[in-house]
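Novice: Got a structure for you, protein-v1.txt, holding compact mmCIF, N, CA and C atoms.
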# COMPACT_ATOMS: atom_id res chain seq x y z
N MET A 1 46.50 -88.58 15.53
CA MET A 1 45.79 -89.77 15.12
C MET A 1 46.37 -90.26 13.81
N ARG A 2 46.51 -91.55 13.68
CA ARG A 2 47.05 -92.13 12.45
C ARG A 2 45.98 -92.17 11.38
N THR A 3 46.40 -91.98 10.16
CA THR A 3 45.47 -92.12 9.04
C THR A 3 45.82 -93.40 8.31
N VAL A 4 44.81 -94.13 7.91
CA VAL A 4 44.98 -95.40 7.22
C VAL A 4 44.42 -95.25 5.83
N ASP A 5 45.21 -95.62 4.84
CA ASP A 5 44.76 -95.56 3.46
C ASP A 5 44.15 -96.91 3.09
N LEU A 6 42.84 -96.91 2.90
CA LEU A 6 42.13 -98.15 2.58
C LEU A 6 41.83 -98.29 1.09
N SER A 7 42.41 -97.42 0.26
CA SER A 7 42.10 -97.47 -1.17
C SER A 7 42.48 -98.80 -1.83
N PRO A 8 43.55 -99.51 -1.42
CA PRO A 8 43.79 -100.82 -2.03
C PRO A 8 42.65 -101.81 -1.79
N LEU A 9 42.01 -101.69 -0.63
CA LEU A 9 40.88 -102.59 -0.35
C LEU A 9 39.68 -102.26 -1.22
N TYR A 10 39.49 -100.98 -1.54
CA TYR A 10 38.35 -100.58 -2.35
C TYR A 10 38.42 -101.20 -3.74
N ARG A 11 39.64 -101.43 -4.23
CA ARG A 11 39.79 -102.02 -5.57
C ARG A 11 39.43 -103.49 -5.57
N SER A 12 39.52 -104.16 -4.40
CA SER A 12 39.29 -105.60 -4.33
C SER A 12 37.85 -105.96 -3.97
N PHE A 13 37.18 -105.08 -3.22
CA PHE A 13 35.83 -105.38 -2.75
C PHE A 13 34.82 -104.64 -3.62
N ILE A 14 33.99 -105.38 -4.29
CA ILE A 14 32.97 -104.81 -5.17
C ILE A 14 31.65 -104.80 -4.43
N GLY A 15 30.95 -103.66 -4.49
CA GLY A 15 29.65 -103.56 -3.84
C GLY A 15 29.72 -103.05 -2.42
N PHE A 16 30.89 -102.67 -1.94
CA PHE A 16 31.06 -102.18 -0.58
C PHE A 16 31.31 -100.68 -0.56
N GLU A 17 30.81 -99.96 -1.58
CA GLU A 17 31.04 -98.52 -1.66
C GLU A 17 30.41 -97.80 -0.48
N HIS A 18 29.25 -98.28 -0.04
CA HIS A 18 28.57 -97.66 1.11
C HIS A 18 29.43 -97.77 2.37
N LEU A 19 30.02 -98.95 2.57
CA LEU A 19 30.90 -99.15 3.72
C LEU A 19 32.12 -98.25 3.62
N ALA A 20 32.66 -98.11 2.42
CA ALA A 20 33.83 -97.25 2.24
C ALA A 20 33.49 -95.79 2.53
N SER A 21 32.32 -95.35 2.08
CA SER A 21 31.95 -93.95 2.35
C SER A 21 31.70 -93.73 3.83
N LEU A 22 31.16 -94.72 4.53
CA LEU A 22 30.98 -94.60 5.98
C LEU A 22 32.32 -94.51 6.71
N MET A 23 33.29 -95.28 6.26
CA MET A 23 34.61 -95.24 6.89
C MET A 23 35.29 -93.90 6.63
N ASP A 24 35.13 -93.37 5.43
CA ASP A 24 35.70 -92.06 5.12
C ASP A 24 35.03 -90.97 5.94
N ALA A 25 33.70 -91.06 6.11
CA ALA A 25 32.98 -90.07 6.91
C ALA A 25 33.41 -90.14 8.37
N ALA A 26 33.64 -91.35 8.87
CA ALA A 26 34.09 -91.50 10.26
C ALA A 26 35.49 -90.93 10.45
N ALA A 27 36.32 -91.03 9.44
CA ALA A 27 37.67 -90.49 9.54
C ALA A 27 37.66 -88.97 9.54
N ASN A 28 36.62 -88.35 8.97
CA ASN A 28 36.54 -86.90 8.88
C ASN A 28 35.78 -86.27 10.03
N THR A 29 35.32 -87.04 11.00
CA THR A 29 34.51 -86.48 12.08
C THR A 29 35.31 -85.55 12.99
N ASP A 30 36.62 -85.76 13.10
CA ASP A 30 37.39 -84.90 13.99
C ASP A 30 37.61 -83.51 13.40
N LYS A 31 37.14 -83.26 12.18
CA LYS A 31 37.25 -81.95 11.57
C LYS A 31 36.06 -81.06 11.94
N GLN A 32 35.05 -81.62 12.58
CA GLN A 32 33.89 -80.83 12.97
C GLN A 32 34.22 -79.97 14.18
N PRO A 33 33.64 -78.78 14.24
CA PRO A 33 33.89 -77.94 15.42
C PRO A 33 33.24 -78.54 16.66
N SER A 34 33.72 -78.12 17.82
CA SER A 34 33.20 -78.68 19.07
C SER A 34 32.01 -77.89 19.61
N PHE A 35 31.56 -76.87 18.90
CA PHE A 35 30.43 -76.06 19.35
C PHE A 35 29.21 -76.40 18.51
N PRO A 36 28.07 -76.55 19.06
CA PRO A 36 27.72 -76.55 20.48
C PRO A 36 27.93 -77.94 21.09
N PRO A 37 28.10 -78.00 22.41
CA PRO A 37 28.25 -79.31 23.05
C PRO A 37 26.95 -80.10 22.96
N TYR A 38 27.08 -81.43 22.95
CA TYR A 38 25.89 -82.28 22.80
C TYR A 38 26.08 -83.60 23.53
N ASN A 39 24.96 -84.27 23.79
CA ASN A 39 24.92 -85.63 24.35
C ASN A 39 24.15 -86.51 23.39
N ILE A 40 24.50 -87.79 23.35
CA ILE A 40 23.72 -88.79 22.62
C ILE A 40 23.35 -89.86 23.62
N GLU A 41 22.05 -90.10 23.79
CA GLU A 41 21.56 -91.08 24.76
C GLU A 41 20.86 -92.22 24.05
N ALA A 42 21.02 -93.42 24.57
CA ALA A 42 20.24 -94.57 24.14
C ALA A 42 19.11 -94.74 25.14
N LEU A 43 17.88 -94.43 24.72
CA LEU A 43 16.74 -94.49 25.63
C LEU A 43 16.18 -95.90 25.74
N ASP A 44 16.26 -96.64 24.66
CA ASP A 44 15.73 -97.99 24.58
C ASP A 44 16.55 -98.72 23.52
N LYS A 45 16.15 -99.93 23.17
CA LYS A 45 16.90 -100.70 22.18
C LYS A 45 16.96 -99.96 20.84
N ASP A 46 15.89 -99.35 20.42
CA ASP A 46 15.84 -98.68 19.12
C ASP A 46 15.45 -97.21 19.23
N LYS A 47 15.60 -96.60 20.39
CA LYS A 47 15.26 -95.18 20.57
C LYS A 47 16.47 -94.42 21.09
N TYR A 48 16.68 -93.23 20.52
CA TYR A 48 17.83 -92.42 20.87
C TYR A 48 17.41 -90.96 21.04
N ARG A 49 18.25 -90.19 21.74
CA ARG A 49 18.01 -88.76 21.89
C ARG A 49 19.34 -88.03 21.79
N ILE A 50 19.35 -86.98 20.96
CA ILE A 50 20.48 -86.07 20.89
C ILE A 50 20.06 -84.80 21.61
N THR A 51 20.85 -84.36 22.58
CA THR A 51 20.57 -83.12 23.31
C THR A 51 21.73 -82.17 23.07
N MET A 52 21.40 -80.98 22.56
CA MET A 52 22.42 -79.98 22.25
C MET A 52 22.19 -78.74 23.10
N ALA A 53 23.27 -78.16 23.62
CA ALA A 53 23.19 -76.92 24.39
C ALA A 53 23.25 -75.75 23.42
N VAL A 54 22.11 -75.10 23.22
CA VAL A 54 22.00 -74.00 22.25
C VAL A 54 21.51 -72.73 22.95
N ALA A 55 22.19 -72.37 24.03
CA ALA A 55 21.79 -71.19 24.80
C ALA A 55 21.84 -69.95 23.92
N GLY A 56 20.80 -69.13 24.01
CA GLY A 56 20.73 -67.89 23.26
C GLY A 56 20.05 -68.01 21.91
N PHE A 57 19.70 -69.21 21.48
CA PHE A 57 19.01 -69.42 20.21
C PHE A 57 17.54 -69.68 20.45
N SER A 58 16.69 -69.08 19.64
CA SER A 58 15.26 -69.38 19.68
C SER A 58 14.96 -70.45 18.64
N ASP A 59 13.77 -71.03 18.73
CA ASP A 59 13.43 -72.09 17.78
C ASP A 59 13.36 -71.59 16.34
N SER A 60 13.09 -70.31 16.14
CA SER A 60 13.06 -69.77 14.77
C SER A 60 14.46 -69.62 14.18
N GLU A 61 15.49 -69.63 15.03
CA GLU A 61 16.87 -69.48 14.55
C GLU A 61 17.56 -70.83 14.35
N LEU A 62 16.86 -71.93 14.63
CA LEU A 62 17.40 -73.27 14.50
C LEU A 62 16.72 -74.00 13.35
N THR A 63 17.50 -74.76 12.58
CA THR A 63 16.94 -75.61 11.53
C THR A 63 17.48 -77.02 11.71
N ILE A 64 16.60 -77.99 11.49
CA ILE A 64 16.96 -79.40 11.58
C ILE A 64 16.54 -80.05 10.28
N GLU A 65 17.49 -80.71 9.60
CA GLU A 65 17.20 -81.37 8.34
C GLU A 65 17.76 -82.79 8.38
N SER A 66 16.99 -83.72 7.80
CA SER A 66 17.43 -85.10 7.69
C SER A 66 17.38 -85.50 6.23
N GLU A 67 18.54 -85.93 5.71
CA GLU A 67 18.61 -86.33 4.30
C GLU A 67 19.73 -87.34 4.12
N ASN A 68 19.41 -88.46 3.46
CA ASN A 68 20.41 -89.50 3.13
C ASN A 68 21.23 -89.93 4.33
N ASN A 69 20.59 -90.32 5.41
CA ASN A 69 21.23 -90.80 6.63
C ASN A 69 22.14 -89.76 7.29
N THR A 70 21.89 -88.49 7.01
CA THR A 70 22.63 -87.41 7.65
C THR A 70 21.64 -86.46 8.31
N LEU A 71 21.86 -86.18 9.58
CA LEU A 71 21.06 -85.22 10.32
C LEU A 71 21.90 -83.95 10.46
N LYS A 72 21.35 -82.83 9.99
CA LYS A 72 22.07 -81.56 10.06
C LYS A 72 21.29 -80.60 10.94
N VAL A 73 21.97 -80.07 11.96
CA VAL A 73 21.39 -79.08 12.86
C VAL A 73 22.20 -77.80 12.69
N ALA A 74 21.50 -76.70 12.39
CA ALA A 74 22.18 -75.42 12.18
C ALA A 74 21.49 -74.34 12.99
N GLY A 75 22.28 -73.41 13.47
CA GLY A 75 21.77 -72.25 14.19
C GLY A 75 22.33 -70.99 13.58
N ILE A 76 21.43 -70.09 13.19
CA ILE A 76 21.84 -68.83 12.57
C ILE A 76 21.17 -67.70 13.33
N LYS A 77 21.98 -66.84 13.96
CA LYS A 77 21.44 -65.69 14.69
C LYS A 77 20.92 -64.68 13.68
N ALA A 78 19.64 -64.36 13.79
CA ALA A 78 18.98 -63.50 12.81
C ALA A 78 19.39 -62.05 12.95
N ASN A 79 19.47 -61.54 14.16
CA ASN A 79 19.71 -60.11 14.36
C ASN A 79 21.10 -59.85 14.94
N LYS A 80 22.11 -60.44 14.34
CA LYS A 80 23.48 -60.27 14.83
C LYS A 80 23.95 -58.82 14.68
N ASP A 81 23.55 -58.13 13.60
CA ASP A 81 23.99 -56.76 13.37
C ASP A 81 23.29 -55.76 14.29
N GLU A 82 22.07 -56.08 14.74
CA GLU A 82 21.33 -55.16 15.59
C GLU A 82 21.91 -55.07 17.00
N ASN A 83 22.73 -56.05 17.38
CA ASN A 83 23.28 -56.07 18.73
C ASN A 83 24.63 -55.39 18.82
N ASN A 84 25.02 -54.63 17.82
CA ASN A 84 26.32 -53.96 17.85
C ASN A 84 26.38 -52.87 18.91
N GLU A 85 25.24 -52.35 19.35
CA GLU A 85 25.25 -51.30 20.36
C GLU A 85 25.51 -51.86 21.76
N ARG A 86 25.42 -53.17 21.93
CA ARG A 86 25.68 -53.79 23.23
C ARG A 86 27.18 -53.79 23.50
N LYS A 87 27.56 -53.38 24.69
CA LYS A 87 28.97 -53.35 25.10
C LYS A 87 29.17 -54.39 26.19
N PHE A 88 29.91 -55.46 25.86
CA PHE A 88 30.15 -56.53 26.82
C PHE A 88 31.42 -56.26 27.61
N ILE A 89 31.37 -56.48 28.89
CA ILE A 89 32.56 -56.51 29.72
C ILE A 89 33.16 -57.91 29.65
N HIS A 90 32.28 -58.91 29.67
CA HIS A 90 32.69 -60.31 29.49
C HIS A 90 31.57 -61.01 28.72
N GLN A 91 31.91 -61.72 27.65
CA GLN A 91 30.90 -62.46 26.90
C GLN A 91 31.28 -63.94 26.92
N GLY A 92 30.64 -64.68 27.80
CA GLY A 92 30.90 -66.11 27.94
C GLY A 92 29.88 -66.97 27.23
N ILE A 93 28.76 -66.38 26.85
CA ILE A 93 27.73 -67.12 26.12
C ILE A 93 27.99 -66.94 24.64
N ALA A 94 28.32 -68.04 23.98
CA ALA A 94 28.64 -67.97 22.56
C ALA A 94 27.35 -67.85 21.76
N GLU A 95 27.26 -66.81 20.99
CA GLU A 95 26.09 -66.61 20.13
C GLU A 95 26.51 -66.69 18.67
N ARG A 96 27.47 -67.54 18.39
CA ARG A 96 27.94 -67.66 17.02
C ARG A 96 27.12 -68.69 16.26
N ASN A 97 27.06 -68.53 14.96
CA ASN A 97 26.35 -69.47 14.10
C ASN A 97 27.08 -70.81 14.12
N PHE A 98 26.32 -71.88 13.92
CA PHE A 98 26.93 -73.20 13.92
C PHE A 98 26.19 -74.11 12.95
N GLU A 99 26.87 -75.19 12.59
CA GLU A 99 26.27 -76.28 11.82
C GLU A 99 26.93 -77.57 12.27
N ARG A 100 26.14 -78.52 12.71
CA ARG A 100 26.66 -79.81 13.16
C ARG A 100 25.94 -80.91 12.41
N LYS A 101 26.69 -81.89 11.95
CA LYS A 101 26.12 -83.02 11.21
C LYS A 101 26.34 -84.30 11.99
N PHE A 102 25.32 -85.16 11.96
CA PHE A 102 25.37 -86.48 12.57
C PHE A 102 25.09 -87.52 11.49
N GLN A 103 25.88 -88.56 11.45
CA GLN A 103 25.65 -89.65 10.51
C GLN A 103 24.71 -90.64 11.18
N LEU A 104 23.54 -90.87 10.58
CA LEU A 104 22.54 -91.78 11.14
C LEU A 104 22.70 -93.17 10.53
N GLY A 105 22.36 -94.17 11.31
CA GLY A 105 22.39 -95.54 10.81
C GLY A 105 21.21 -95.80 9.87
N ASP A 106 21.26 -96.94 9.21
CA ASP A 106 20.17 -97.31 8.32
C ASP A 106 18.87 -97.42 9.09
N HIS A 107 17.81 -96.93 8.50
CA HIS A 107 16.44 -97.02 9.02
C HIS A 107 16.22 -96.20 10.30
N VAL A 108 17.10 -95.24 10.60
CA VAL A 108 16.90 -94.37 11.76
C VAL A 108 16.13 -93.14 11.28
N LYS A 109 15.01 -92.88 11.93
CA LYS A 109 14.13 -91.77 11.56
C LYS A 109 14.10 -90.75 12.69
N VAL A 110 13.95 -89.48 12.31
CA VAL A 110 13.80 -88.40 13.28
C VAL A 110 12.32 -88.30 13.64
N LEU A 111 12.00 -88.47 14.92
CA LEU A 111 10.61 -88.42 15.35
C LEU A 111 10.16 -86.99 15.64
N GLY A 112 11.04 -86.17 16.19
CA GLY A 112 10.66 -84.80 16.52
C GLY A 112 11.76 -84.12 17.31
N ALA A 113 11.52 -82.84 17.59
CA ALA A 113 12.50 -82.05 18.33
C ALA A 113 11.77 -81.11 19.28
N ASP A 114 12.46 -80.74 20.37
CA ASP A 114 11.89 -79.85 21.37
C ASP A 114 13.00 -78.95 21.90
N LEU A 115 12.66 -77.68 22.16
CA LEU A 115 13.61 -76.71 22.71
C LEU A 115 13.08 -76.22 24.04
N ALA A 116 13.83 -76.50 25.10
CA ALA A 116 13.42 -76.06 26.44
C ALA A 116 14.66 -75.75 27.27
N ASN A 117 14.65 -74.61 27.94
CA ASN A 117 15.73 -74.21 28.84
C ASN A 117 17.10 -74.20 28.16
N GLY A 118 17.15 -73.81 26.91
CA GLY A 118 18.42 -73.73 26.19
C GLY A 118 18.95 -75.06 25.69
N LEU A 119 18.16 -76.13 25.82
CA LEU A 119 18.56 -77.45 25.36
C LEU A 119 17.64 -77.91 24.23
N LEU A 120 18.24 -78.25 23.11
CA LEU A 120 17.50 -78.79 21.97
C LEU A 120 17.57 -80.30 22.03
N SER A 121 16.42 -80.96 22.13
CA SER A 121 16.34 -82.42 22.19
C SER A 121 15.75 -82.93 20.89
N ILE A 122 16.44 -83.87 20.26
CA ILE A 122 16.00 -84.48 19.01
C ILE A 122 15.79 -85.96 19.27
N GLU A 123 14.57 -86.43 19.05
CA GLU A 123 14.22 -87.83 19.29
C GLU A 123 14.39 -88.63 18.00
N LEU A 124 15.06 -89.78 18.11
CA LEU A 124 15.32 -90.65 16.96
C LEU A 124 14.85 -92.06 17.27
N GLN A 125 14.45 -92.79 16.22
CA GLN A 125 14.03 -94.17 16.40
C GLN A 125 14.43 -94.97 15.17
N ARG A 126 14.94 -96.17 15.42
CA ARG A 126 15.25 -97.10 14.34
C ARG A 126 13.99 -97.90 14.03
N GLU A 127 13.54 -97.83 12.79
CA GLU A 127 12.35 -98.56 12.34
C GLU A 127 12.76 -99.51 11.23
N ILE A 128 12.93 -100.78 11.58
CA ILE A 128 13.35 -101.78 10.61
C ILE A 128 12.12 -102.24 9.83
N PRO A 129 12.15 -102.20 8.49
CA PRO A 129 11.01 -102.65 7.70
C PRO A 129 10.71 -104.13 7.93
N GLU A 130 9.46 -104.49 7.76
CA GLU A 130 9.03 -105.88 7.97
C GLU A 130 9.82 -106.86 7.11
N ALA A 131 10.16 -106.47 5.90
CA ALA A 131 10.89 -107.36 4.99
C ALA A 131 12.28 -107.69 5.51
N LEU A 132 12.85 -106.85 6.36
CA LEU A 132 14.21 -107.08 6.87
C LEU A 132 14.22 -107.70 8.26
N LYS A 133 13.06 -107.80 8.90
CA LYS A 133 13.00 -108.39 10.24
C LYS A 133 13.11 -109.92 10.12
N PRO A 134 13.68 -110.57 11.15
CA PRO A 134 13.73 -112.03 11.11
C PRO A 134 12.33 -112.63 11.17
N ARG A 135 12.14 -113.72 10.46
CA ARG A 135 10.83 -114.37 10.50
C ARG A 135 11.03 -115.85 10.78
N LYS A 136 10.03 -116.44 11.40
CA LYS A 136 10.09 -117.84 11.77
C LYS A 136 9.64 -118.70 10.60
N ILE A 137 10.39 -119.74 10.32
CA ILE A 137 10.09 -120.65 9.22
C ILE A 137 9.53 -121.94 9.82
N GLU A 138 8.35 -122.29 9.38
CA GLU A 138 7.71 -123.52 9.85
C GLU A 138 8.38 -124.73 9.21
N ILE A 139 8.58 -125.77 9.98
CA ILE A 139 9.18 -127.01 9.49
C ILE A 139 8.07 -127.94 9.03
N GLY A 140 8.26 -128.54 7.85
CA GLY A 140 7.30 -129.50 7.34
C GLY A 140 6.26 -128.91 6.41
N ASN A 141 6.35 -127.68 6.04
CA ASN A 141 5.37 -127.05 5.15
C ASN A 141 5.96 -126.74 3.77
N SER A 142 7.00 -127.43 3.39
CA SER A 142 7.64 -127.16 2.10
C SER A 142 6.88 -127.87 0.98
N ASN A 143 6.55 -127.13 -0.06
CA ASN A 143 5.86 -127.69 -1.22
C ASN A 143 6.79 -127.75 -2.43
N LEU A 144 8.09 -127.65 -2.20
CA LEU A 144 9.03 -127.66 -3.31
C LEU A 144 9.21 -129.04 -3.92
N ILE A 145 9.14 -130.07 -3.11
CA ILE A 145 9.31 -131.44 -3.61
C ILE A 145 7.95 -131.99 -3.99
N GLU A 146 7.74 -132.09 -5.28
CA GLU A 146 6.45 -132.61 -5.75
C GLU A 146 6.61 -134.06 -6.15
N GLY A 147 5.58 -134.82 -6.05
CA GLY A 147 5.58 -136.22 -6.43
C GLY A 147 5.86 -137.15 -5.25
N LYS A 148 6.03 -136.64 -4.07
CA LYS A 148 6.24 -137.49 -2.89
C LYS A 148 5.12 -137.29 -1.93
Could you write out this file's structure as structure tokens?
Specialist:
Amino acid sequence: MRTVDLSPLYRSFIGFEHLASLMDAAANTDKQPSFPPYNIEALDKDKYRITMAVAGFSDSELTIESENNTLKVAGIKANKDENNERKFIHQGIAERNFERKFQLGDHVKVLGADLANGLLSIELQREIPEALKPRKIEIGNSNLIEGK
């Protein structure tokens, strides 16, 4: 993949630091490990679901944190040392610790999470504040011109 140096543009555009950091974060996404596999679904216009395959993990071994438009999902096996007496002929189920980060868009909130049948489902919803929603402007109700 080609890398593009956008630093000359950063010197010319003032106030676009957020956009620059998003572009840098997008360029670094291929450095994330591919474990565990996941799906991202669009359920509705403003509703989303992330489904991760976390076979072998219980809900007490999983943590989900949302901070500054970043969703972090981590899995830490608690009793990894206690399983040393197990002798595997073949181990195809990965029970390794993981951490995966997702960059969330503005105003995207985590509604909840559920773990069933080895699949962790995280529900997300975009909630745009009333001040940012489009509003209808009535014609003929302007009081700016006084004296007429």
Novice: Atom CA of Lys109 of chain A and atom CA of Asn97 of chain A are how many Å apart?
Specialist: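 Atom-to-atom, atom CA of Lys109 of chain A to atom CA of Asn97 of chain A, that is 25.6 Å.
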Novice: Atom CA of Phe98 of chain A and atom C of Lys45 of chain A are how many Å apart?
Specialist: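 These two atoms are separated by 29.4 Å.
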Novice: Could you work out how far atom CA of Glu61 of chain A lies from atom CA of Lys77 of chain A, giving the answer in Å with one decimal?
Specialist: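 Answer for the atom CA of Lys77 of chain A to atom CA of Glu61 of chain A separation: 5.9 Å.
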Novice: Just checking: using only C-alpha atoms, which residue out of A:Lys87, A:Ile40, A:Asn69, A:Lys47 ends up closest to Leu124 of chain A?
Specialist: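 Looking only at the distances to Leu124 of chain A, the closest residue turns out to be A:Lys47.
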Novice: With only C-alpha atoms as the basis for distance, which of A:Ala53, A:Leu43, A:Ala74, A:Leu115 is at the shortest distance from Ile93 of chain A?
Specialist: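 Ranked by minimum distance to Ile93 of chain A, first place goes to A:Ala53.
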Novice: Given the choices A:Ile139, A:Leu104, A:Leu71, A:Leu120, which gets closest to Phe57 of chain A if the distance is worked out from only C-alpha atoms?
Specialist: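 Nearest candidate to Phe57 of chain A out of A:Ile139, A:Leu104, A:Leu71, A:Leu120: A:Leu120.
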Novice: A:Ala113, A:Leu62, A:Val108, A:Ala94: which is nearest Arg126 of chain A, counting all atoms listed in the file?
Specialist: A:Val108
Novice: Would you please work out which residue, of A:Ala116, A:Ile128, A:Ile137, A:Ile122, is nearest to Ile50 of chain A when using only N, CA and C atoms?
Specialist: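 The closest residue to Ile50 of chain A is A:Ile122.
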Novice: Between A:Glu123, A:Glu67, A:Glu41, A:Asp114, which has the minimum distance to Val54 of chain A (counting only C-alpha atoms)?
Specialist: A:Asp114
